[in-house]
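Enquirer: Mind having a look at this structure? Questions to follow.
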Amino acid sequence: MMPAGNMIQYERGLYPDIEPYETGMLDVGDGHQLYYERVGTPGAKPAVFLHGGPGGGMSPSHRCQWDPALYDVLLFDQRGCGQSLPFAEIENNDTWRIVADIERLREMCGHDKWQVFGGSWGATLALAYAQSHPDRTSEIVLRGVFLARQREKGWLYRFGASEIMAEQWDQFNALIPEEERGDLVKAYYTRLTSDDEATRLAAAKEWSLWEGTVATLLPNEGLLEEFADPSKAVPFARICARFFLEDFFLEESQLLRDMPQIAHIPGIIVQGRHDICTPPGSAWEIKKAWPDAQLWIVHDAGHSSTEPGIIDGLVRATDQFAGKV
C-alpha cells in the first residue's frame with residue numbers, strides 16, 4: 001500500500017467472483033446439518049473459512065479471499081446459520097460442538113492439515129480449533145480478534161462502544177424497559193426466544209443493527225440493510241445472544257492462557273486501528289503471547305472484512321502463506 005496525501009491507496013482487492021466446485025450438507029449429529037461449499041482448485045493448498053457472529057453466515061465475497069489457483073478452500077455455515085439446518089437453532093449449538101464440526105469437515109475433505117482463517121467470532125473459533133488441534137493447523141489468519149473475555153463482552157454490551165456510538169446505543173437500549181437495562185444481553189435473549197414472533201423479530205432487528213453499526217469505520221447503509229434482513233438478523237441475534245449469555249462456553253481468558261499450544265504455528269493478524277467492535281488491545285495481547293505471529297494494523301479501518309484496508313491485508317496474508325509474492 002502507498003500513501004497518497006492523507007489517504008492510503010490499497011493495491012490488493014478480492015479475487016474475482018467464483019462459484020463452488022462442490023456443495024453439500026453434512027450431518028454432524030445432534031439434529032444439525034451443515035451446508036458447505038468448496039472453491040478453488042481440488043488438491044491445492046487446503047484452507048477453511050470460519051465466519052463471524054456467532055450466528056452469521058457465508059456470503060459469495062468470502063470465497064474470494066484466496067487465489068483460486070493456489071488454494072482449495074472449504075467454507076461452511078455454522079450450526080443454525082445460513083443454509084444450515086435447523087434454521088436459527090440454539091440447542092446443541094456451542095463453541096466445542098462447532099470445533100468438532102470443523103474436524104469432521106477436515107476429515108470429509110481428506111486433508112491432513114489446513115490453514116484456519118477467521119474474523120471476529122471466527123477468530124475466536126479459529127483459536128479454539130487450533131489450540132484443540134494444533135497438529136491439524138498449518139497456519140492461522142485472524143481478523144478483528146475477539147477473545148470472549150468479560151472485558152470484551154462488557155465493552156460491547158455495557159460500557160465502551162456505547163460512548164463512541166452514543167445515539168445508536170440509545171436506539172439499542174430503547175427496546176428494553178429501563179428496569180431491565182442492567183443486563184441487556186439477558187433482556188434481549190428473553191425477547192429473542194419469546195413465543196411471540198413480532199417480539200422476536202423486533203429484538204433480532206435491533207440486536208443486529210447495533211452489531212452492524214459498530215462494524216465499520218464509516219456508515220455503510222448497504223451493510224445495515226443486510227443486517228436488518230430477518231433471514232440474517234434472526235439467526236445472528238438468537239445465536240449471538242445465547243453465546244454471550246453462556247460466556248461463549250469458554251473459561252475466562254482461556255484462549256490467551258492456551259496460546260503456548262500454538263506458538264509454533266505461523267500466523268498473521270489483520271486488525272483495524274479504529275475497530276469499535278473488537279478494539280486492537282486483544283490483537284496486541286495475542287501478538288505478545290505469540291511472538292512469531294505478524295500483526296498488521298490497518299490505520300484507516302474498523303472491524304468489517306469489507307473495508308479496503310482489511311481486504312488488502314487478508315488477501316496479502318493468504319498470498320504470503322501460498323508462497324506468492
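In the C-alpha cells, the first chain shown is A, the next is B, and so on; residue numbers restart at 1 for each chain, and ligands run from 1 in the order shown.
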Near stretch 139-145 of chain A, within 10 Å and counting only C-alpha atoms, which residues show up once chain neighbours fewer than 4 positions away are dropped, as number ranges by chain?

Expert: A: 47-50, 52, 113-124, 126-127, 130, 134, 215, 262, 264-273, 275-286, 293-296, 302-305, 310, 313-314, 317-318, 321

Enquirer: What does the file look like for those residues with C-alpha atoms, as a PDB file, in the first residue's frame?

Expert:
ATOM      1  CA  ALA A  47      -7.901 -23.776   3.940  1.00  0.00           C
ATOM      2  CA  VAL A  48     -11.084 -23.432   5.983  1.00  0.00           C
ATOM      3  CA  PHE A  49     -13.103 -20.228   6.423  1.00  0.00           C
ATOM      4  CA  LEU A  50     -14.813 -19.520   9.754  1.00  0.00           C
ATOM      5  CA  GLY A  52     -18.325 -14.323  12.237  1.00  0.00           C
ATOM      6  CA  LYS A 113      -3.967 -30.174   7.942  1.00  0.00           C
ATOM      7  CA  TRP A 114      -5.231 -26.829   6.692  1.00  0.00           C
ATOM      8  CA  GLN A 115      -4.979 -23.088   7.020  1.00  0.00           C
ATOM      9  CA  VAL A 116      -7.512 -21.787   9.553  1.00  0.00           C
ATOM     10  CA  PHE A 117      -8.933 -18.364   8.648  1.00  0.00           C
ATOM     11  CA  GLY A 118     -11.449 -16.457  10.780  1.00  0.00           C
ATOM     12  CA  GLY A 119     -12.584 -12.952  11.656  1.00  0.00           C
ATOM     13  CA  SER A 120     -14.313 -11.595  14.771  1.00  0.00           C
ATOM     14  CA  TRP A 121     -16.160 -14.598  16.286  1.00  0.00           C
ATOM     15  CA  GLY A 122     -14.465 -16.580  13.513  1.00  0.00           C
ATOM     16  CA  ALA A 123     -11.125 -15.528  15.027  1.00  0.00           C
ATOM     17  CA  THR A 124     -12.285 -16.768  18.441  1.00  0.00           C
ATOM     18  CA  ALA A 126     -10.040 -20.287  14.871  1.00  0.00           C
ATOM     19  CA  LEU A 127      -8.013 -20.017  18.081  1.00  0.00           C
ATOM     20  CA  ALA A 130      -6.136 -24.530  16.550  1.00  0.00           C
ATOM     21  CA  PRO A 134      -2.522 -27.816  16.563  1.00  0.00           C
ATOM     22  CA  ALA A 215     -18.709  -2.942  12.333  1.00  0.00           C
ATOM     23  CA  ILE A 262       0.021 -22.848  19.003  1.00  0.00           C
ATOM     24  CA  HIS A 264       4.919 -22.617  16.768  1.00  0.00           C
ATOM     25  CA  ILE A 265       2.224 -22.198  14.097  1.00  0.00           C
ATOM     26  CA  PRO A 266       2.741 -19.339  11.596  1.00  0.00           C
ATOM     27  CA  GLY A 267       0.111 -16.630  11.861  1.00  0.00           C
ATOM     28  CA  ILE A 268      -0.966 -13.235  10.573  1.00  0.00           C
ATOM     29  CA  ILE A 269      -3.372 -10.929  12.407  1.00  0.00           C
ATOM     30  CA  VAL A 270      -5.117  -8.170  10.431  1.00  0.00           C
ATOM     31  CA  GLN A 271      -6.575  -5.576  12.783  1.00  0.00           C
ATOM     32  CA  GLY A 272      -8.343  -2.271  12.179  1.00  0.00           C
ATOM     33  CA  ARG A 273      -6.925   0.529  14.327  1.00  0.00           C
ATOM     34  CA  ASP A 275     -12.270  -1.226  15.382  1.00  0.00           C
ATOM     35  CA  ILE A 276     -15.170  -0.327  17.686  1.00  0.00           C
ATOM     36  CA  CYS A 277     -16.475  -3.884  17.869  1.00  0.00           C
ATOM     37  CA  THR A 278     -13.223  -5.630  18.813  1.00  0.00           C
ATOM     38  CA  PRO A 279     -10.635  -2.964  19.745  1.00  0.00           C
ATOM     39  CA  PRO A 280      -6.936  -3.622  18.993  1.00  0.00           C
ATOM     40  CA  GLY A 281      -5.989  -4.421  22.583  1.00  0.00           C
ATOM     41  CA  SER A 282      -6.901  -8.078  22.210  1.00  0.00           C
ATOM     42  CA  ALA A 283      -4.921  -8.438  18.985  1.00  0.00           C
ATOM     43  CA  TRP A 284      -1.912  -6.909  20.740  1.00  0.00           C
ATOM     44  CA  GLU A 285      -2.235  -9.308  23.687  1.00  0.00           C
ATOM     45  CA  ILE A 286      -2.349 -12.246  21.269  1.00  0.00           C
ATOM     46  CA  ALA A 293       2.930 -14.061  14.513  1.00  0.00           C
ATOM     47  CA  GLN A 294       2.718 -10.963  12.335  1.00  0.00           C
ATOM     48  CA  LEU A 295       0.357  -8.197  13.466  1.00  0.00           C
ATOM     49  CA  TRP A 296      -0.741  -5.888  10.671  1.00  0.00           C
ATOM     50  CA  GLY A 302     -12.664  -0.546  11.622  1.00  0.00           C
ATOM     51  CA  HIS A 303     -13.921  -4.086  12.072  1.00  0.00           C
ATOM     52  CA  SER A 304     -15.577  -5.174   8.846  1.00  0.00           C
ATOM     53  CA  SER A 305     -13.923  -7.515   6.359  1.00  0.00           C
ATOM     54  CA  ILE A 310      -8.797  -5.098   5.713  1.00  0.00           C
ATOM     55  CA  GLY A 313      -4.364  -7.309   4.453  1.00  0.00           C
ATOM     56  CA  LEU A 314      -6.320 -10.549   4.288  1.00  0.00           C
ATOM     57  CA  ALA A 317      -1.896 -12.847   4.138  1.00  0.00           C
ATOM     58  CA  THR A 318      -3.316 -15.733   2.111  1.00  0.00           C
ATOM     59  CA  PHE A 321       1.120 -18.356   3.007  1.00  0.00           C
TER      60      PHE A 321
END

Enquirer: Can you pull out the residues contacting A:Arg63? Cut-off 8 Å, using only C-alpha atoms, and skip same-chain residues under 3 positions away; I want them as a PDB file with C-alpha atoms, in the first residue's frame.

Expert:
ATOM      1  CA  ASP A  17     -16.151 -13.919  -8.138  1.00  0.00           C
ATOM      2  CA  ILE A  18     -16.047 -17.688  -8.164  1.00  0.00           C
ATOM      3  CA  VAL A  39     -13.899 -23.339  -4.067  1.00  0.00           C
ATOM      4  CA  SER A  59     -21.535 -14.698   1.567  1.00  0.00           C
ATOM      5  CA  PRO A  60     -20.220 -15.081  -2.007  1.00  0.00           C
ATOM      6  CA  TRP A  66      -7.718 -16.714  -1.677  1.00  0.00           C
ATOM      7  CA  VAL A  73     -10.967 -23.678   0.361  1.00  0.00           C
ATOM      8  CA  LEU A  75     -16.484 -22.604   3.601  1.00  0.00           C
TER       9      LEU A  75
END

Enquirer: Going by DSSP on the backbone, which residues of stretch 66-137 of chain A come out as alpha helix (DSSP H)? List them as a PyMOL selection string.

Expert: chain A and resi 95-109+121-132

Enquirer: Taking 6 positions as the minimum chain separation for residues in the same chain, which residues sit within 12 Å of stretch 193-197 of chain A when counting only C-alpha atoms? Answer as a list in words.

Expert: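 So, after excluding close chain neighbours, the residues are Ala88, Glu89, Ile90, Glu91, Lys186, Ala187, Ala203, Ala204, Pro230, Val234, Pro235, Ala237, Arg238, Ile239, Ala241 and Arg242 of chain A.
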
Enquirer: Please dump the current selection as a compact mmCIF listing (two decimals), in the first residue's frame; keep C-alpha atoms.

Expert:
# COMPACT_ATOMS: atom_id res chain seq x y z
CA ALA A 88 -31.54 -20.33 13.88
CA GLU A 89 -31.33 -23.36 16.19
CA ILE A 90 -29.68 -22.69 19.56
CA GLU A 91 -29.97 -26.19 21.03
CA LYS A 186 -30.29 -11.31 29.13
CA ALA A 187 -33.12 -8.90 28.30
CA ALA A 203 -35.39 -7.81 19.09
CA ALA A 204 -33.47 -9.50 16.29
CA PRO A 230 -34.82 -11.09 9.05
CA VAL A 234 -32.88 -13.78 13.36
CA PRO A 235 -30.16 -16.46 13.45
CA ALA A 237 -29.22 -12.32 17.10
CA ARG A 238 -30.55 -15.55 18.65
CA ILE A 239 -27.29 -17.46 18.43
CA ALA A 241 -27.12 -13.59 22.40
CA ARG A 242 -27.03 -17.22 23.55

Enquirer: What's the separation between atom CA of A:Lys45 and atom CA of A:Glu107, in Å to one decimal place?

Expert: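 The value is 15.2 Å.
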
Enquirer: Given the choices A:Lys205, A:His274, A:Arg38, A:His111, which gets closest to A:Ser138 if the distance is worked out from only C-alpha atoms?

Expert: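 Going through A:Lys205, A:His274, A:Arg38, A:His111 one by one, the smallest distance to A:Ser138 is for A:His111.
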
Enquirer: Taking the DSSP secondary structure from the backbone, can you list the residues of stretch 45-209 of chain A that are strand (DSSP E), as a ChimeraX atom specification?

Expert: /A:45-50,71-76,114-119,137-143
